[in-house]
Each structure stands twice: as structure tokens, then as C-alpha cells.
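For reference, final_1.cif is printed below; it contains mmCIF, C-alpha atoms.
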data_start
loop_
_atom_site.label_atom_id
_atom_site.label_comp_id
_atom_site.auth_asym_id
_atom_site.auth_seq_id
_atom_site.Cartn_x
_atom_site.Cartn_y
_atom_site.Cartn_z
CA MET A 195 18.53 -17.28 -52.33
CA THR A 196 19.07 -14.54 -54.92
CA ALA A 197 19.60 -10.80 -54.50
CA ALA A 198 16.32 -10.24 -56.28
CA ASP A 199 14.27 -12.11 -53.64
CA PRO A 200 13.70 -9.67 -50.71
CA THR A 201 11.41 -12.08 -48.83
CA GLU A 202 14.05 -14.77 -48.45
CA ARG A 203 16.66 -12.13 -47.61
CA GLN A 204 14.46 -10.79 -44.79
CA LEU A 205 13.94 -14.29 -43.45
CA ALA A 206 17.67 -14.95 -43.49
CA GLU A 207 18.41 -11.67 -41.73
CA SER A 208 15.79 -12.47 -39.11
CA LEU A 209 17.32 -15.92 -38.54
CA LEU A 210 20.82 -14.45 -38.25
CA ALA A 211 19.57 -11.90 -35.72
CA PHE A 212 17.96 -14.71 -33.70
CA TRP A 213 21.24 -16.66 -33.66
CA ALA A 214 23.16 -13.55 -32.63
CA ASP A 215 20.75 -12.92 -29.75
CA ALA A 216 21.20 -16.56 -28.72
CA GLY A 217 24.99 -16.09 -28.47
CA VAL A 218 26.13 -17.70 -31.75
CA ASP A 219 29.27 -15.83 -32.87
CA ALA A 220 30.68 -18.16 -35.57
CA MET A 221 29.10 -20.06 -38.46
CA LEU A 222 32.11 -22.16 -39.46
CA LEU A 223 35.17 -23.50 -37.62
CA ASP A 224 38.68 -23.63 -39.03
CA ALA A 225 38.85 -27.44 -38.66
CA PRO A 226 36.01 -29.96 -39.09
CA VAL A 227 34.58 -31.61 -36.00
CA ASP A 228 33.22 -35.15 -36.05
CA ARG A 229 30.17 -34.73 -33.83
CA ILE A 230 29.29 -38.44 -34.10
CA ALA A 231 32.69 -39.53 -32.81
CA ALA A 232 32.59 -36.92 -30.12
CA GLY A 233 29.30 -38.29 -28.94
CA LYS A 234 30.88 -41.72 -28.37
CA ILE A 235 33.17 -40.42 -25.63
CA ALA A 236 31.80 -41.41 -22.27
CA PRO A 237 31.13 -38.51 -20.01
CA PRO A 238 33.25 -38.27 -16.85
CA PRO A 239 31.72 -39.94 -13.81
CA ALA A 240 29.62 -37.68 -11.66
CA PRO A 241 31.18 -36.77 -8.34
CA ALA A 242 29.89 -38.70 -5.37
CA ARG A 243 27.04 -36.92 -3.66
CA LYS A 244 27.46 -36.05 -0.05
CA ALA A 245 24.91 -37.27 2.40
CA ALA A 246 22.23 -34.68 2.98
CA ALA A 247 22.53 -32.86 6.24
CA PRO A 248 19.75 -33.52 8.69
CA THR A 249 16.87 -31.12 8.34
CA ARG A 250 16.71 -28.48 11.04
CA PRO A 251 13.84 -26.18 11.77
CA ALA A 252 14.25 -22.77 10.21
CA ALA A 253 15.69 -20.21 12.56
CA THR A 254 13.68 -17.16 13.44
CA PRO A 255 14.63 -14.49 10.88
CA ALA A 256 16.70 -11.81 12.49
CA VAL A 257 18.59 -10.11 9.68
CA GLY A 258 16.48 -7.40 8.03
CA GLN A 259 13.65 -7.80 10.56
CA PRO A 260 14.19 -5.15 13.22
CA ASP A 261 12.64 -5.58 16.63
CA ILE A 262 9.94 -2.94 16.80
CA SER A 263 8.42 -4.00 20.10
CA ALA A 264 10.10 -1.16 22.01
CA ALA A 265 8.87 1.42 19.48
CA VAL A 266 5.33 0.03 19.55
CA ALA A 267 5.34 0.00 23.35
CA GLU A 268 6.47 3.63 23.44
CA ALA A 269 3.78 4.60 20.92
CA GLN A 270 1.15 2.81 23.02
CA THR A 271 2.26 4.66 26.15
CA LEU A 272 2.24 8.07 24.46
CA ALA A 273 -1.09 7.41 22.75
CA ALA A 274 -2.81 6.22 25.92
CA ALA A 275 -1.69 9.36 27.78
CA ALA A 276 -3.25 11.68 25.17
CA GLY A 277 -6.69 12.82 26.28
CA SER A 278 -7.49 14.83 23.16
CA LEU A 279 -6.59 14.93 19.49
CA GLU A 280 -4.48 18.03 20.12
CA ALA A 281 -2.52 16.18 22.81
CA LEU A 282 -2.21 13.21 20.48
CA LYS A 283 -0.87 15.51 17.76
CA ASP A 284 1.86 16.72 20.13
CA ALA A 285 2.67 13.13 21.13
CA ILE A 286 3.07 12.08 17.50
CA ALA A 287 5.33 15.07 16.78
CA ALA A 288 7.56 14.14 19.73
CA PHE A 289 7.68 10.42 18.88
CA ASP A 290 11.03 9.25 17.48
CA GLY A 291 10.27 5.55 17.13
CA CYS A 292 9.22 5.51 13.46
CA PRO A 293 12.24 5.33 11.11
CA ILE A 294 10.49 7.32 8.35
CA LYS A 295 10.90 10.42 10.48
CA PHE A 296 14.68 10.29 10.00
CA GLU A 297 14.97 9.08 6.40
CA GLY A 298 15.31 12.58 5.00
CA ALA A 299 12.00 13.21 3.24
CA ALA A 300 9.89 14.38 6.20
CA ARG A 301 10.14 17.90 7.59
CA GLN A 302 7.31 17.57 10.07
CA SER A 303 4.62 15.18 11.25
CA VAL A 304 1.27 15.18 9.45
CA PHE A 305 -1.66 14.13 11.63
CA TYR A 306 -5.20 15.09 10.63
CA ARG A 307 -7.62 17.61 9.23
CA GLY A 308 -11.40 17.83 9.52
CA ARG A 309 -13.95 17.72 12.31
CA GLU A 310 -12.87 16.14 15.57
CA ASP A 311 -16.40 14.88 16.19
CA ALA A 312 -16.97 13.68 12.63
CA PRO A 313 -19.02 10.51 12.15
CA VAL A 314 -16.62 9.27 9.43
CA MET A 315 -12.89 8.81 9.80
CA ILE A 316 -10.90 8.50 6.56
CA VAL A 317 -7.58 6.67 6.78
CA GLY A 318 -5.13 7.02 3.90
CA GLU A 319 -1.63 5.63 3.45
CA GLY A 320 0.91 8.36 4.18
CA PRO A 321 1.70 12.02 3.47
CA GLY A 322 3.33 13.23 0.26
CA ALA A 323 5.29 16.36 -0.62
CA GLU A 324 2.39 18.83 -0.37
CA GLU A 325 1.16 17.24 2.85
CA ASP A 326 4.64 17.43 4.35
CA ALA A 327 4.95 21.10 3.37
CA GLN A 328 1.58 22.09 4.88
CA GLY A 329 1.44 19.64 7.77
CA LEU A 330 -2.01 18.43 6.70
CA PRO A 331 -3.08 15.16 5.04
CA PHE A 332 -4.57 14.96 1.54
CA VAL A 333 -3.94 18.52 0.34
CA GLY A 334 -2.16 17.72 -2.94
CA ARG A 335 -3.81 16.79 -6.25
CA ALA A 336 -5.14 13.52 -4.85
CA GLY A 337 -6.52 15.30 -1.80
CA GLN A 338 -8.20 17.93 -3.92
CA LEU A 339 -9.94 15.20 -5.90
CA LEU A 340 -10.98 13.54 -2.65
CA ASP A 341 -12.44 16.83 -1.39
CA ARG A 342 -14.48 17.26 -4.57
CA MET A 343 -15.84 13.74 -4.28
CA LEU A 344 -16.69 14.22 -0.59
CA ALA A 345 -18.47 17.48 -1.41
CA ALA A 346 -20.51 15.82 -4.15
CA ALA A 347 -21.52 13.08 -1.70
CA GLY A 348 -22.47 15.61 1.00
CA LEU A 349 -19.66 14.52 3.32
CA THR A 350 -17.48 17.64 3.47
CA ASP A 351 -18.25 18.52 7.09
CA ARG A 352 -18.71 14.94 8.22
CA VAL A 353 -15.18 13.54 8.01
CA LEU A 354 -11.81 13.57 9.71
CA ILE A 355 -8.88 12.60 7.48
CA THR A 356 -5.63 10.98 8.62
CA ASN A 357 -3.12 8.32 7.49
CA THR A 358 -1.57 5.06 8.67
CA VAL A 359 1.81 6.82 9.09
CA PHE A 360 2.50 10.45 9.93
CA TRP A 361 5.75 11.21 8.12
CA ARG A 362 6.46 11.41 4.42
CA PRO A 363 8.24 8.28 3.13
CA PRO A 364 11.23 8.90 0.83
CA GLY A 365 10.18 9.17 -2.79
CA ASN A 366 6.53 9.01 -1.71
CA ARG A 367 6.88 5.24 -1.51
CA THR A 368 4.22 3.10 0.13
CA PRO A 369 4.78 2.77 3.89
CA THR A 370 5.87 -0.68 5.03
CA LEU A 371 3.85 -2.91 7.33
CA LEU A 372 6.47 -2.43 10.06
CA GLU A 373 6.19 1.35 9.81
CA GLN A 374 2.41 1.11 9.91
CA ALA A 375 2.57 -1.23 12.91
CA ILE A 376 4.69 1.29 14.81
CA CYS A 377 2.17 4.07 14.13
CA ALA A 378 -0.90 1.87 14.69
CA PRO A 379 -1.33 2.81 18.39
CA PHE A 380 -1.74 6.45 17.37
CA VAL A 381 -4.32 5.57 14.71
CA GLU A 382 -6.21 3.41 17.20
CA ARG A 383 -6.14 6.17 19.82
CA THR A 384 -7.53 8.60 17.24
CA ILE A 385 -10.44 6.25 16.69
CA ALA A 386 -10.96 5.84 20.43
CA LEU A 387 -11.04 9.61 20.97
CA MET A 388 -13.29 10.29 17.97
CA GLN A 389 -15.67 7.33 18.26
CA PRO A 390 -16.63 7.54 14.56
CA LYS A 391 -19.57 5.59 13.23
CA LEU A 392 -17.75 4.45 10.07
CA LEU A 393 -14.22 4.14 8.68
CA LEU A 394 -13.32 4.79 5.04
CA LEU A 395 -10.00 3.12 4.20
CA VAL A 396 -8.43 4.81 1.20
CA GLY A 397 -5.98 2.74 -0.84
CA GLY A 398 -4.59 -0.77 -0.64
CA ALA A 399 -1.88 -0.04 1.96
CA SER A 400 -4.44 1.45 4.33
CA ALA A 401 -6.95 -1.37 3.88
CA LYS A 402 -4.34 -4.10 4.38
CA ALA A 403 -2.89 -2.49 7.49
CA MET A 404 -6.22 -1.66 9.13
CA LEU A 405 -8.04 -4.88 8.27
CA LYS A 406 -5.07 -7.29 8.28
CA LYS A 407 -6.03 -8.45 4.80
CA ASP A 408 -3.78 -9.74 2.03
CA GLU A 409 -6.19 -9.19 -0.86
CA GLY A 410 -5.65 -6.33 -3.30
CA ILE A 411 -7.77 -3.21 -3.08
CA LEU A 412 -9.57 -4.00 -6.34
CA SER A 413 -10.96 -7.20 -4.84
CA ILE A 414 -12.06 -5.80 -1.45
CA ARG A 415 -13.17 -2.26 -2.30
CA GLY A 416 -16.86 -1.55 -1.85
CA ARG A 417 -17.28 -4.36 0.71
CA TRP A 418 -17.97 -3.81 4.39
CA PHE A 419 -15.59 -5.23 6.99
CA GLU A 420 -15.25 -4.82 10.74
CA TRP A 421 -12.24 -3.02 12.11
CA ARG A 422 -11.33 -4.17 15.63
CA SER A 423 -9.00 -2.53 18.11
CA ALA A 424 -6.03 -4.49 19.43
CA ASP A 425 -7.77 -5.17 22.75
CA GLY A 426 -11.11 -5.97 21.09
CA SER A 427 -12.94 -3.18 22.91
CA LEU A 428 -13.79 -1.26 19.72
CA GLU A 429 -15.47 -2.60 16.59
CA ILE A 430 -16.40 -0.24 13.74
CA PRO A 431 -17.67 -0.91 10.19
CA ALA A 432 -14.96 -0.14 7.64
CA LEU A 433 -15.24 0.32 3.89
CA PRO A 434 -12.13 0.07 1.65
CA THR A 435 -12.07 2.22 -1.49
CA LEU A 436 -9.68 3.28 -4.23
CA HIS A 437 -7.04 5.91 -3.55
CA PRO A 438 -7.64 9.22 -5.36
CA ALA A 439 -4.05 9.09 -6.66
CA PHE A 440 -5.05 5.88 -8.47
CA LEU A 441 -8.13 7.63 -9.84
CA LEU A 442 -5.95 10.38 -11.28
CA ARG A 443 -4.03 7.71 -13.20
CA GLN A 444 -7.12 5.65 -14.06
CA PRO A 445 -10.06 8.08 -14.51
CA ALA A 446 -12.34 5.23 -15.62
CA ALA A 447 -12.20 3.86 -12.06
CA LYS A 448 -13.82 6.98 -10.60
CA LYS A 449 -17.29 5.49 -10.98
CA ARG A 450 -16.32 2.62 -8.66
CA ALA A 451 -14.97 5.01 -6.02
CA TRP A 452 -18.11 7.12 -6.37
CA ALA A 453 -20.25 4.04 -5.83
CA ASP A 454 -18.26 3.35 -2.65
CA LEU A 455 -18.95 6.85 -1.35
CA LEU A 456 -22.65 6.45 -2.04
CA THR A 457 -22.60 3.14 -0.18
CA LEU A 458 -20.95 4.83 2.80
CA THR A 459 -23.37 7.77 2.76
CA GLU A 460 -26.37 5.46 2.60
CA ARG A 461 -25.17 3.50 5.62
CA LEU A 462 -24.28 6.67 7.51
CA ASP A 463 -27.76 8.13 7.00
CA ARG A 464 -29.60 4.88 7.53
CA PRO A 465 -32.17 5.25 10.33
CA VAL A 466 -31.12 3.63 13.58
CA ARG A 467 -33.22 0.61 14.34
CA PRO A 468 -34.87 0.65 17.74
CA SER A 469 -33.27 -1.79 20.15
#
What does the file become when written as C-alpha cells?
Amino acid sequence: MTAADPTERQLAESLLAFWADAGVDAMLLDAPVDRIAAGKIAPPPAPARKAAAPTRPAATPAVGQPDISAAVAEAQTLAAAAGSLEALKDAIAAFDGCPIKFEGAARQSVFYRGREDAPVMIVGEGPGAEEDAQGLPFVGRAGQLLDRMLAAAGLTDRVLITNTVFWRPPGNRTPTLLEQAICAPFVERTIALMQPKLLLLVGGASAKAMLKKDEGILSIRGRWFEWRSADGSLEIPALPTLHPAFLLRQPAAKKRAWADLLTLTERLDRPVRPS
């Protein structure tokens, strides 16, 4: 290689950089090493392997998996005693069983907004900063986009909007399945009091919690499922769709969410077949 050949110099520099990244820190040693002779040395015998311990069934995980049965039972009791959405709102505000309430981000509970006798119930994931400040769900940028889409679809006065959890998670993180399970009796009681015709499940966390599905929202959005209450007494058609916060990040996906709203509106206005 000569100083006048930049191509070979660049290749050499690239190779040296590769070696440096691989951990090579010396090109030459002070004394020569006979690698062939070194290879003739027999490796030390491997230590004797201990007999494998008998296989035991895995223990029930306890660490990191809190027992939420007491919290769920308390939520069920409070929810069942509420005879109206206003009473249910007070019960949720007084409930201390959901850990999000005490993690520092929530100042108040956020229950619902919209018509109490609406034919459509919209279930989102959880409140954010604006929702926590106002005590109402979907009032931030994502909520404003949702309102515009509902207005364009003629659904403004035909919905009640709530979430799977009622306190703002720290950092606006997605609520966990345990947190959603604790709040589920309140969501179910809301449905029982409202008796909506249809459910619109907004976002992947909402769809997974409500439908007990593992698929991502992009694979199940726009498809009808049946939501069932825990005791099997209620069964309501449910349509998953994209969260408006996702649409703000991915504007090209708005057409899919709009198609979902049109699907919901068509089913809502479909004439009832005579029995």
C-alpha cells in the first residue's frame, strides 16, 4: 500500500476499526508464539458433571405477582351497590384498591363523559395529564381528534366515553393487565347500568383487556367480537379500533379508523329484524 492510494488506505482503516471494535488491542507481541506447538497441548480434563436433580413441577409464581383477589372483591362489592352512574362515580373515587391511585401521577379519578343512555360505549385505556387535570376522559389532543371523528360520523350525542382504569398511570404508561383486572368490575357495572347496543374499544390495551385477546390492535381492528360479562349474563357486540393518539403519530392510519367508525355507525343504524 502506498500513500498515494486512498482506496487501499480506506480499506485498511476500515479493517483496523473492525478489529478495534472486536477487542483487538495489539498487532504484535514482544516474543513469538508457536501456535502449532501450543495446539498440541492436551486440554485439561473437563470436570465431572453432577447428576441432574430430579425435575420438579414449577412452583406457583409469587414474587412480583401480587394477590389482587381482595381488591377485585372490594371493587365488585362497591360496583354492585351502585344503582346509577353517579353512585358508581362516587364508588370509584372512594376505591383505594388500584395501585395507580397512589403512584404519584393521579390527582383524582377520571370516570366518564357523554350521555348516560347512549347506545355506544367507548372504552379507552387510561387517563393522561389533561384528563387527570379536568377529571374527564379523552379531553387532550387525542380526545379532541376523537371528538372530531365522532362528529363527522354523526355520533357526537350517541356515545359515553370511559377507560379501563380510572387513574392516570405514571408517565402516561399503558395500564397493566392487573390494574385493568382490578378496575374491571367498575367497567362491567357501567355497561350493566347503561345497556349500550355496541362497544367501541379504542387502542390495543383496551381491546386486549375487554376481549381477553393476545393479538395486536392492527390485526383485530375493524372486526366484530362479542364482549361477555364475567357471569355471562351480558353479551354485547364490540369493535376494536385504533387509538387517536396513534393516529396523531401515524396520520396515514386515520382512514382505517374512519372505516371502523363507519362500520360501527352502519351497524348501529341497521334496522332491527323482526323476531
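Between Thr356 in chain A and the candidates A:Ser263, A:Thr384, A:Thr271, A:Thr459, the tightest atom-to-atom separation, counting all atoms listed in the file, involves A:Thr384.
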Quiz item: Any chance you could work out the residue set of the PyMOL selection byres ((chain A and resi 287) around 10) here, as a PyMOL selection string?
Solution: chain A and resi 281-286+288-290+295+302-305+360-361
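All residues of protein, DNA or RNA that reach within 12 Å of Gln328 in chain A, judged by all atoms listed in the file and not counting those fewer than 2 positions away in the chain, are Ala300, Arg301, Gln302, Ser303, Val304, Phe305, Tyr306, Arg307, Pro321, Gly322, Ala323, Glu324, Glu325, Asp326, Leu330, Pro331, Phe332, Val333, Gly334 and Arg362 of chain A.
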Self-check item: Matched chain/residue IDs from the PyMOL selection byres ((chain A and resi 416-428) around 9), as a PyMOL selection string
Solution: chain A and resi 379+382+385-386+389+393+404-405+412-415+429-436+450-451+453-455+457-458
Go through the shown structure with the PyMOL selection byres ((chain A and resi 440-446) around 10) and write out the matching residues as an mmCIF file with C-alpha atoms, in the frame of the given file.
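Full text of selection-v4.cif as output:
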data_model
loop_
_atom_site.group_PDB
_atom_site.id
_atom_site.type_symbol
_atom_site.label_atom_id
_atom_site.label_comp_id
_atom_site.auth_asym_id
_atom_site.auth_seq_id
_atom_site.Cartn_x
_atom_site.Cartn_y
_atom_site.Cartn_z
ATOM 1 C CA ARG A 335 -3.810 16.790 -6.250
ATOM 2 C CA ALA A 336 -5.140 13.520 -4.850
ATOM 3 C CA LEU A 339 -9.940 15.200 -5.900
ATOM 4 C CA LEU A 340 -10.980 13.540 -2.650
ATOM 5 C CA GLY A 397 -5.980 2.740 -0.840
ATOM 6 C CA LEU A 436 -9.680 3.280 -4.230
ATOM 7 C CA HIS A 437 -7.040 5.910 -3.550
ATOM 8 C CA PRO A 438 -7.640 9.220 -5.360
ATOM 9 C CA ALA A 439 -4.050 9.090 -6.660
ATOM 10 C CA ALA A 447 -12.200 3.860 -12.060
ATOM 11 C CA LYS A 448 -13.820 6.980 -10.600
ATOM 12 C CA LYS A 449 -17.290 5.490 -10.980
ATOM 13 C CA ARG A 450 -16.320 2.620 -8.660
ATOM 14 C CA ALA A 451 -14.970 5.010 -6.020
#
Quiz prompt | Surrounding residues of range 308-319 of chain A excluding itself and chain neighbours under 5 positions, 9 Å, only C-alpha atoms, as a PyMOL selection string | solution = chain A and resi 279+331-332+349-359+368-369+374+381+385+387-401+404+437+462
Quiz item: What gap, in Å, lies between CA of Arg383 in chain A and CA of Glu280 in chain A?
Solution: 12.0 Å
Exercise. Figure out the distance between CA of Ala265 in chain A and CA of Ile376 in chain A, please, to one decimal in Å.
Key: 6.3 Å
Could you model all heavy atoms for range 354-365 of chain A and present them as an mmCIF file, in the coordinates of the input?
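The result, stored in rebuild_4.cif:
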data_model
loop_
_atom_site.group_PDB
_atom_site.id
_atom_site.type_symbol
_atom_site.label_atom_id
_atom_site.label_comp_id
_atom_site.auth_asym_id
_atom_site.auth_seq_id
_atom_site.Cartn_x
_atom_site.Cartn_y
_atom_site.Cartn_z
ATOM 1 N N LEU A 354 -13.150 13.243 9.250
ATOM 2 C CA LEU A 354 -11.810 13.570 9.710
ATOM 3 C C LEU A 354 -10.864 12.697 8.904
ATOM 4 O O LEU A 354 -11.098 11.492 8.743
ATOM 5 C CB LEU A 354 -11.633 13.308 11.205
ATOM 6 C CG LEU A 354 -10.249 13.626 11.785
ATOM 7 C CD1 LEU A 354 -10.362 14.198 13.196
ATOM 8 C CD2 LEU A 354 -9.342 12.371 11.804
ATOM 9 N N ILE A 355 -9.788 13.299 8.385
ATOM 10 C CA ILE A 355 -8.880 12.600 7.480
ATOM 11 C C ILE A 355 -7.513 12.460 8.127
ATOM 12 O O ILE A 355 -6.947 13.432 8.647
ATOM 13 C CB ILE A 355 -8.741 13.367 6.143
ATOM 14 C CG1 ILE A 355 -10.123 13.611 5.514
ATOM 15 C CG2 ILE A 355 -7.856 12.603 5.180
ATOM 16 C CD1 ILE A 355 -10.091 14.487 4.276
ATOM 17 N N THR A 356 -6.968 11.243 8.095
ATOM 18 C CA THR A 356 -5.630 10.980 8.620
ATOM 19 C C THR A 356 -4.979 9.902 7.770
ATOM 20 O O THR A 356 -5.472 9.561 6.685
ATOM 21 C CB THR A 356 -5.694 10.568 10.106
ATOM 22 O OG1 THR A 356 -4.367 10.496 10.630
ATOM 23 C CG2 THR A 356 -6.400 9.238 10.280
ATOM 24 N N ASN A 357 -3.850 9.348 8.230
ATOM 25 C CA ASN A 357 -3.120 8.320 7.490
ATOM 26 C C ASN A 357 -2.647 7.221 8.434
ATOM 27 O O ASN A 357 -2.747 7.358 9.661
ATOM 28 C CB ASN A 357 -1.894 8.930 6.781
ATOM 29 C CG ASN A 357 -2.261 9.675 5.513
ATOM 30 O OD1 ASN A 357 -2.878 9.119 4.600
ATOM 31 N ND2 ASN A 357 -1.890 10.943 5.442
ATOM 32 N N THR A 358 -2.113 6.143 7.847
ATOM 33 C CA THR A 358 -1.570 5.060 8.670
ATOM 34 C C THR A 358 -0.196 5.400 9.221
ATOM 35 O O THR A 358 0.236 4.811 10.212
ATOM 36 C CB THR A 358 -1.459 3.754 7.860
ATOM 37 O OG1 THR A 358 -0.585 3.970 6.730
ATOM 38 C CG2 THR A 358 -2.815 3.291 7.365
ATOM 39 N N VAL A 359 0.540 6.308 8.571
ATOM 40 C CA VAL A 359 1.810 6.820 9.090
ATOM 41 C C VAL A 359 1.773 8.336 8.992
ATOM 42 O O VAL A 359 1.013 8.909 8.200
ATOM 43 C CB VAL A 359 3.035 6.255 8.327
ATOM 44 C CG1 VAL A 359 3.107 4.747 8.454
ATOM 45 C CG2 VAL A 359 3.010 6.670 6.866
ATOM 46 N N PHE A 360 2.624 9.007 9.776
ATOM 47 C CA PHE A 360 2.500 10.450 9.930
ATOM 48 C C PHE A 360 3.707 11.236 9.451
ATOM 49 O O PHE A 360 3.815 12.434 9.703
ATOM 50 C CB PHE A 360 2.225 10.767 11.404
ATOM 51 C CG PHE A 360 1.091 9.963 11.966
ATOM 52 C CD1 PHE A 360 1.328 8.897 12.818
ATOM 53 C CD2 PHE A 360 -0.220 10.235 11.602
ATOM 54 C CE1 PHE A 360 0.286 8.139 13.323
ATOM 55 C CE2 PHE A 360 -1.268 9.481 12.092
ATOM 56 C CZ PHE A 360 -1.022 8.434 12.951
ATOM 57 N N TRP A 361 4.595 10.550 8.708
ATOM 58 C CA TRP A 361 5.750 11.210 8.120
ATOM 59 C C TRP A 361 5.862 10.788 6.674
ATOM 60 O O TRP A 361 5.519 9.669 6.314
ATOM 61 C CB TRP A 361 7.037 10.864 8.877
ATOM 62 C CG TRP A 361 7.046 11.381 10.273
ATOM 63 C CD1 TRP A 361 7.484 12.593 10.706
ATOM 64 C CD2 TRP A 361 6.559 10.701 11.437
ATOM 65 N NE1 TRP A 361 7.312 12.720 12.062
ATOM 66 C CE2 TRP A 361 6.744 11.574 12.542
ATOM 67 C CE3 TRP A 361 5.987 9.445 11.666
ATOM 68 C CZ2 TRP A 361 6.381 11.230 13.838
ATOM 69 C CZ3 TRP A 361 5.618 9.100 12.952
ATOM 70 C CH2 TRP A 361 5.820 9.981 14.027
ATOM 71 N N ARG A 362 6.354 11.691 5.854
ATOM 72 C CA ARG A 362 6.460 11.410 4.420
ATOM 73 C C ARG A 362 7.551 10.385 4.148
ATOM 74 O O ARG A 362 8.709 10.603 4.495
ATOM 75 C CB ARG A 362 6.771 12.704 3.665
ATOM 76 C CG ARG A 362 6.941 12.502 2.167
ATOM 77 C CD ARG A 362 7.541 13.717 1.506
ATOM 78 N NE ARG A 362 7.756 13.485 0.084
ATOM 79 C CZ ARG A 362 8.463 14.294 -0.705
ATOM 80 N NH1 ARG A 362 9.024 15.373 -0.194
ATOM 81 N NH2 ARG A 362 8.617 14.004 -1.995
ATOM 82 N N PRO A 363 7.211 9.257 3.507
ATOM 83 C CA PRO A 363 8.240 8.280 3.130
ATOM 84 C C PRO A 363 9.098 8.824 1.987
ATOM 85 O O PRO A 363 8.620 9.597 1.152
ATOM 86 C CB PRO A 363 7.423 7.060 2.676
ATOM 87 C CG PRO A 363 6.048 7.279 3.225
ATOM 88 C CD PRO A 363 5.856 8.753 3.249
ATOM 89 N N PRO A 364 10.365 8.448 1.922
ATOM 90 C CA PRO A 364 11.230 8.900 0.830
ATOM 91 C C PRO A 364 10.665 8.511 -0.528
ATOM 92 O O PRO A 364 10.210 7.385 -0.724
ATOM 93 C CB PRO A 364 12.557 8.179 1.104
ATOM 94 C CG PRO A 364 12.517 7.840 2.551
ATOM 95 C CD PRO A 364 11.078 7.593 2.886
ATOM 96 N N GLY A 365 10.679 9.453 -1.447
ATOM 97 C CA GLY A 365 10.180 9.170 -2.790
ATOM 98 C C GLY A 365 8.698 8.894 -2.844
ATOM 99 O O GLY A 365 8.203 8.352 -3.829
#
